[in-house]
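Q: Provided below: upload-v2.tsv, containing TSV, C-alpha atoms and all ligand atoms.
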```
chain	number	residue	atom	x	y	z
A	134	MET	CA	-11.62	26.36	-5.11
A	135	GLU	CA	-11.08	22.88	-6.41
A	136	THR	CA	-8.84	20.67	-4.32
A	137	LYS	CA	-6.46	18.54	-6.34
A	138	PHE	CA	-6.35	14.97	-5.09
A	139	THR	CA	-2.78	13.77	-4.66
A	140	PRO	CA	-2.92	10.68	-2.45
A	141	TRP	CA	0.79	9.90	-2.87
A	142	ARG	CA	1.72	13.14	-1.12
A	143	MET	CA	0.66	11.69	2.21
A	144	GLU	CA	2.97	8.82	2.74
A	145	TYR	CA	3.19	5.78	4.87
A	146	ILE	CA	4.75	7.20	8.01
A	147	LYS	CA	7.25	5.35	10.10
A	148	ARG	CA	5.81	3.75	13.16
A	149	ASP	CA	7.11	4.81	16.51
A	150	ASP	CA	8.62	1.38	17.11
A	151	HIS	CA	10.92	1.72	14.08
A	152	THR	CA	12.99	4.61	15.35
A	153	ASP	CA	16.28	2.78	14.79
A	154	GLY	CA	16.38	3.94	11.18
A	155	ALA	CA	15.53	0.52	9.73
A	156	CYS	CA	13.40	0.53	6.57
A	157	VAL	CA	9.80	-0.16	7.61
A	158	PHE	CA	9.09	-2.19	4.46
A	159	CYS	CA	12.20	-4.36	4.90
A	160	THR	CA	11.37	-4.83	8.57
A	161	MET	CA	7.84	-6.10	7.89
A	162	VAL	CA	8.71	-8.42	4.99
A	163	GLN	CA	11.62	-9.95	6.91
A	164	ALA	CA	9.45	-10.51	9.98
A	165	PRO	CA	7.94	-13.99	10.44
A	166	PRO	CA	4.63	-14.45	8.58
A	167	ALA	CA	3.03	-14.92	12.00
A	168	ASN	CA	3.46	-11.16	12.44
A	169	ASP	CA	1.71	-10.28	9.17
A	170	GLY	CA	-1.54	-9.37	10.94
A	171	ASP	CA	0.21	-6.91	13.24
A	172	ASN	CA	2.04	-5.43	10.25
A	173	LEU	CA	-1.17	-5.29	8.14
A	174	LEU	CA	0.68	-7.32	5.52
A	175	LEU	CA	-2.00	-8.80	3.25
A	176	TYR	CA	-0.07	-10.95	0.80
A	177	ARG	CA	3.41	-12.31	0.15
A	178	GLY	CA	4.35	-13.07	-3.47
A	179	ALA	CA	7.58	-14.40	-4.94
A	180	HIS	CA	9.00	-10.90	-5.50
A	181	CYS	CA	6.56	-8.42	-3.95
A	182	PHE	CA	4.14	-8.05	-1.06
A	183	VAL	CA	0.92	-6.13	-0.41
A	184	VAL	CA	0.33	-4.10	2.76
A	185	LEU	CA	-2.35	-1.72	4.04
A	186	ASN	CA	-1.36	1.90	4.46
A	187	LEU	CA	-1.33	2.89	8.14
A	188	TYR	CA	-2.51	6.39	7.19
A	189	PRO	CA	-5.09	5.67	4.50
A	190	TYR	CA	-6.72	8.30	2.33
A	191	ASN	CA	-9.71	6.04	1.97
A	192	PRO	CA	-10.68	2.61	3.27
A	193	ALA	CA	-8.59	-0.15	1.63
A	194	HIS	CA	-5.75	2.19	0.60
A	195	LEU	CA	-2.92	-0.30	0.17
A	196	MET	CA	0.58	-0.52	-1.27
A	197	VAL	CA	2.38	-3.07	-3.46
A	198	VAL	CA	6.06	-3.27	-2.53
A	199	PRO	CA	9.07	-5.23	-3.88
A	200	ASN	CA	10.48	-7.62	-1.26
A	201	GLN	CA	13.98	-6.32	-1.88
A	202	HIS	CA	15.15	-2.84	-0.93
A	203	ARG	CA	15.07	-1.01	-4.29
A	204	ARG	CA	14.81	2.67	-5.14
A	205	ASP	CA	15.52	2.48	-8.86
A	206	LEU	CA	12.41	1.75	-10.93
A	207	ALA	CA	14.27	2.17	-14.23
A	208	ASN	CA	16.54	-0.78	-13.46
A	209	LEU	CA	14.05	-2.96	-11.66
A	210	GLU	CA	14.41	-6.65	-12.58
A	211	PRO	CA	11.68	-7.59	-15.12
A	212	ALA	CA	10.32	-10.40	-12.92
A	213	VAL	CA	9.90	-7.98	-10.01
A	214	GLY	CA	8.30	-5.33	-12.21
A	215	ASP	CA	5.93	-7.88	-13.71
A	216	GLU	CA	4.78	-9.06	-10.30
A	217	LEU	CA	4.51	-5.48	-9.02
A	218	PHE	CA	2.05	-4.75	-11.80
A	219	THR	CA	0.26	-8.09	-11.53
A	220	LEU	CA	-0.35	-7.52	-7.82
A	221	THR	CA	-1.46	-3.94	-8.49
A	222	ARG	CA	-3.98	-5.31	-10.97
A	223	ARG	CA	-5.11	-8.04	-8.55
A	224	SER	CA	-5.43	-5.48	-5.75
A	225	VAL	CA	-7.68	-3.31	-7.89
A	226	ALA	CA	-9.85	-6.35	-8.70
A	227	ILE	CA	-10.12	-7.33	-5.03
A	228	ILE	CA	-10.99	-3.83	-3.82
A	229	GLU	CA	-13.58	-3.55	-6.60
A	230	GLN	CA	-15.24	-6.71	-5.29
A	231	ALA	CA	-14.94	-5.94	-1.59
A	232	TYR	CA	-15.60	-2.17	-1.54
A	233	ARG	CA	-17.31	-1.22	-4.82
A	234	PRO	CA	-15.46	2.09	-5.25
A	235	HIS	CA	-16.24	4.45	-8.13
A	236	GLY	CA	-12.64	4.72	-9.29
A	237	PHE	CA	-8.96	4.39	-8.33
A	238	ASN	CA	-5.80	6.43	-8.10
A	239	LEU	CA	-2.57	4.49	-8.60
A	240	GLY	CA	0.79	6.11	-8.08
A	241	MET	CA	4.45	5.99	-7.12
A	242	ASN	CA	6.67	8.72	-5.77
A	243	LEU	CA	10.20	8.32	-7.11
A	244	GLY	CA	12.53	10.28	-4.86
A	245	ARG	CA	11.92	12.45	-1.84
A	246	MET	CA	11.58	15.57	-3.96
A	247	ALA	CA	8.57	13.91	-5.61
A	248	GLY	CA	6.94	13.38	-2.22
A	249	ALA	CA	8.10	9.91	-1.26
A	250	GLY	CA	8.08	9.35	2.50
A	251	ILE	CA	10.13	6.17	2.12
A	252	ALA	CA	12.09	7.15	-1.00
A	253	GLU	CA	14.66	4.39	-0.74
A	254	HIS	CA	12.16	1.52	-1.09
A	255	LEU	CA	9.83	1.57	-4.10
A	256	HIS	CA	6.10	1.17	-3.50
A	257	MET	CA	2.92	1.53	-5.54
A	258	HIS	CA	-0.11	3.18	-3.91
A	259	VAL	CA	-3.55	1.78	-4.73
A	260	VAL	CA	-6.27	4.18	-3.54
A	261	PRO	CA	-9.96	3.50	-4.11
A	262	ARG	CA	-12.10	6.56	-4.77
A	263	TRP	CA	-15.74	7.42	-4.15
A	264	GLY	CA	-17.68	10.35	-5.55
A	265	GLY	CA	-17.37	13.36	-3.27
A	266	ASP	CA	-14.50	12.00	-1.19
A	267	THR	CA	-12.15	14.86	-2.16
A	268	ASN	CA	-14.10	17.27	0.03
A	269	PHE	CA	-13.01	15.67	3.26
A	270	MET	CA	-9.85	13.89	2.12
A	271	PRO	CA	-7.44	16.73	2.96
A	272	VAL	CA	-8.58	16.39	6.56
A	273	VAL	CA	-9.04	12.64	6.76
A	274	GLY	CA	-5.74	12.04	4.96
A	275	GLN	CA	-3.87	13.52	7.90
A	276	THR	CA	-5.68	11.38	10.42
A	277	LYS	CA	-4.71	7.92	11.46
A	278	LEU	CA	-7.74	5.69	11.53
A	279	ILE	CA	-8.32	3.92	14.79
A	280	PRO	CA	-6.69	0.48	14.82
A	281	GLU	CA	-10.03	-1.33	14.91
A	282	GLU	CA	-10.98	0.13	11.55
A	283	LEU	CA	-7.67	-0.91	10.02
A	284	ALA	CA	-7.99	-4.36	11.54
A	285	HIS	CA	-11.47	-4.70	10.05
A	286	THR	CA	-10.24	-3.64	6.60
A	287	TYR	CA	-7.34	-6.05	6.97
A	288	MET	CA	-9.56	-9.03	7.77
A	289	ARG	CA	-11.93	-8.17	4.96
A	290	LEU	CA	-9.19	-7.93	2.30
A	291	ARG	CA	-7.08	-10.77	3.67
A	292	ALA	CA	-9.89	-13.20	2.86
A	293	TYR	CA	-9.56	-12.27	-0.82
A	294	PHE	CA	-5.75	-12.19	-0.94
A	295	SER	CA	-5.57	-15.63	0.67
A	296	GLU	CA	-7.09	-17.02	-2.55
A	297	ILE	CA	-4.16	-15.83	-4.70
A	298	PRO	CA	-1.34	-18.36	-5.26
A	299	THR	CA	2.24	-17.42	-4.33
A	300	HIS	CA	3.04	-16.83	-8.00
A	301	PRO	CA	0.13	-14.63	-9.06
A	302	GLY	CA	-0.95	-14.63	-12.67
B	1	ZN	ZN	13.55	-1.42	2.48
```
Kindly return the structure encoded in the file as structure tokens.
Ligand SMILES: [Zn+2]

A:
Amino acid sequence: METKFTPWRMEYIKRDDHTDGACVFCTMVQAPPANDGDNLLLYRGAHCFVVLNLYPYNPAHLMVVPNQHRRDLANLEPAVGDELFTLTRRSVAIIEQAYRPHGFNLGMNLGRMAGAGIAEHLHMHVVPRWGGDTNFMPVVGQTKLIPEELAHTYMRLRAYFSEIPTHPG
């Protein structure tokens, strides 16, 4: 039986330390930049930021997220939408350089019915793919990588994102 790969089904799950109901994306972007390493936040743009997924499907699975709390893609401000796509494009380019994947899945879940774990705050998944990874993904996708692995991925990608200006083109 062929397993369909749907990386956006497994969502970024709230951390235990955010049990007060606060939006995890708002919490991390409003935190001081000094905390970006702890939050795995890779890049801050004018309108959007880039963050590693705590529960990655594959190494370097990241998300591009508007700074402001938005659930409505249809009415997203053009400047925010433009930067969302620009940073998605830049993320793909960086992961291609750093990890040499064979392909990518990009996706958004709009609404909880569509599988969004954090439905009220838009986010774009960027998931690198390697040949044969679907065989173990259903298992690995449920497993939180050990923090050291995430920290290593973070340091590796952060070096690339630090080269991008605040207004990415
Ligand atoms: Zn939010």

Q: Between chain A and ligand ZN 1 (chain B), at 10 Å or less, what are the per-residue closest atom pairs and their distances in Å? Count only C-alpha atoms and all ligand atoms, order by chain and rising residue number, and return it as a tab-separated table.

A:
```
residue	atom	partner	partner_atom	distance
A:Ala155	CA	B:ZN1	ZN	7.8
A:Cys156	CA	B:ZN1	ZN	4.5
A:Val157	CA	B:ZN1	ZN	6.5
A:Phe158	CA	B:ZN1	ZN	4.9
A:Cys159	CA	B:ZN1	ZN	4.0
A:Thr160	CA	B:ZN1	ZN	7.3
A:Met161	CA	B:ZN1	ZN	9.2
A:Val162	CA	B:ZN1	ZN	8.9
A:Gln163	CA	B:ZN1	ZN	9.8
A:Val198	CA	B:ZN1	ZN	9.2
A:Pro199	CA	B:ZN1	ZN	8.7
A:Asn200	CA	B:ZN1	ZN	7.9
A:Gln201	CA	B:ZN1	ZN	6.6
A:His202	CA	B:ZN1	ZN	4.0
A:Arg203	CA	B:ZN1	ZN	7.0
A:Arg204	CA	B:ZN1	ZN	8.7
A:Ile251	CA	B:ZN1	ZN	8.3
A:Ala252	CA	B:ZN1	ZN	9.4
A:Glu253	CA	B:ZN1	ZN	6.7
A:His254	CA	B:ZN1	ZN	4.8
A:Leu255	CA	B:ZN1	ZN	8.1
A:His256	CA	B:ZN1	ZN	9.9
```

Q: Kindly provide, as a list of chain:residue names, the polymer residues lying within 9 Å of (0.4, -12.3, 0.6), counting all atoms listed in the file and using the coordinates exactly as they appear in the file.

A: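 Checking each residue against the 9 Å limit leaves A:Asp169, A:Leu174, A:Leu175, A:Tyr176, A:Arg177, A:Gly178, A:Cys181, A:Phe182, A:Val183, A:Val184, A:Arg291, A:Phe294, A:Ser295, A:Ile297, A:Pro298, A:Thr299.
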
Q: If we count all atoms listed in the file and set the cut-off at 7 Å, which residues sit around Gly236 in chain A, ignoring sequence neighbours fewer than 2 positions away in its own chain? Please answer as a ChimeraX atom specification.

A: /A:234,261-263

Q: Between A:Ala249, A:Leu209, A:Val260, A:Leu187, single out the one closest to Thr221 in chain A, counting only C-alpha atoms.

A: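 Looking only at the distances to Thr221 in chain A, the closest residue turns out to be A:Val260.
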
Q: Enclose all atoms of range 249-258 of chain A listed in the file in an axis-aligned box, grow every side by 4 Å, and hand back centre and edge lengths in Å to one decimal, as JSON.

A:
```
{"center_x": 7.3, "center_y": 5.5, "center_z": -1.5, "size_x": 22.8, "size_y": 16.7, "size_z": 16.0}
```

Q: Kindly output range 221-239 of chain A as an mmCIF file, keeping the file's coordinate frame, after building N, CA and C atoms.

A:
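So the final result, stored in result-v6.cif, reads:
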```cif
data_model
loop_
_atom_site.group_PDB
_atom_site.id
_atom_site.type_symbol
_atom_site.label_atom_id
_atom_site.label_comp_id
_atom_site.auth_asym_id
_atom_site.auth_seq_id
_atom_site.Cartn_x
_atom_site.Cartn_y
_atom_site.Cartn_z
ATOM 1 N N THR A 221 -0.687 -5.185 -8.434
ATOM 2 C CA THR A 221 -1.460 -3.940 -8.490
ATOM 3 C C THR A 221 -2.814 -4.220 -9.138
ATOM 4 N N ARG A 222 -2.766 -4.946 -10.246
ATOM 5 C CA ARG A 222 -3.980 -5.310 -10.970
ATOM 6 C C ARG A 222 -4.892 -6.183 -10.092
ATOM 7 N N ARG A 223 -4.310 -7.167 -9.416
ATOM 8 C CA ARG A 223 -5.110 -8.040 -8.550
ATOM 9 C C ARG A 223 -5.704 -7.249 -7.381
ATOM 10 N N SER A 224 -4.937 -6.299 -6.862
ATOM 11 C CA SER A 224 -5.430 -5.480 -5.750
ATOM 12 C C SER A 224 -6.640 -4.651 -6.174
ATOM 13 N N VAL A 225 -6.550 -4.074 -7.369
ATOM 14 C CA VAL A 225 -7.680 -3.310 -7.890
ATOM 15 C C VAL A 225 -8.913 -4.205 -8.003
ATOM 16 N N ALA A 226 -8.719 -5.419 -8.534
ATOM 17 C CA ALA A 226 -9.850 -6.350 -8.700
ATOM 18 C C ALA A 226 -10.468 -6.708 -7.352
ATOM 19 N N ILE A 227 -9.628 -6.951 -6.363
ATOM 20 C CA ILE A 227 -10.120 -7.330 -5.030
ATOM 21 C C ILE A 227 -10.879 -6.177 -4.374
ATOM 22 N N ILE A 228 -10.318 -4.978 -4.447
ATOM 23 C CA ILE A 228 -10.990 -3.830 -3.820
ATOM 24 C C ILE A 228 -12.308 -3.536 -4.543
ATOM 25 N N GLU A 229 -12.319 -3.733 -5.866
ATOM 26 C CA GLU A 229 -13.580 -3.550 -6.600
ATOM 27 C C GLU A 229 -14.653 -4.489 -6.052
ATOM 28 N N GLN A 230 -14.277 -5.731 -5.814
ATOM 29 C CA GLN A 230 -15.240 -6.710 -5.290
ATOM 30 C C GLN A 230 -15.656 -6.386 -3.861
ATOM 31 N N ALA A 231 -14.679 -6.059 -3.021
ATOM 32 C CA ALA A 231 -14.940 -5.940 -1.590
ATOM 33 C C ALA A 231 -15.550 -4.592 -1.217
ATOM 34 N N TYR A 232 -15.208 -3.520 -1.962
ATOM 35 C CA TYR A 232 -15.600 -2.170 -1.540
ATOM 36 C C TYR A 232 -16.420 -1.381 -2.556
ATOM 37 N N ARG A 233 -16.510 -1.891 -3.782
ATOM 38 C CA ARG A 233 -17.310 -1.220 -4.820
ATOM 39 C C ARG A 233 -17.016 0.276 -4.944
ATOM 40 N N PRO A 234 -15.747 0.658 -5.084
ATOM 41 C CA PRO A 234 -15.460 2.090 -5.250
ATOM 42 C C PRO A 234 -15.865 2.569 -6.644
ATOM 43 N N HIS A 235 -15.863 3.875 -6.831
ATOM 44 C CA HIS A 235 -16.240 4.450 -8.130
ATOM 45 C C HIS A 235 -15.048 4.628 -9.047
ATOM 46 N N GLY A 236 -13.844 4.556 -8.483
ATOM 47 C CA GLY A 236 -12.640 4.720 -9.290
ATOM 48 C C GLY A 236 -11.414 4.443 -8.444
ATOM 49 N N PHE A 237 -10.228 4.626 -9.037
ATOM 50 C CA PHE A 237 -8.960 4.390 -8.330
ATOM 51 C C PHE A 237 -7.942 5.455 -8.699
ATOM 52 N N ASN A 238 -7.057 5.760 -7.776
ATOM 53 C CA ASN A 238 -5.800 6.430 -8.100
ATOM 54 C C ASN A 238 -4.674 5.438 -7.815
ATOM 55 N N LEU A 239 -3.766 5.309 -8.774
ATOM 56 C CA LEU A 239 -2.570 4.490 -8.600
ATOM 57 C C LEU A 239 -1.371 5.404 -8.750
#
```
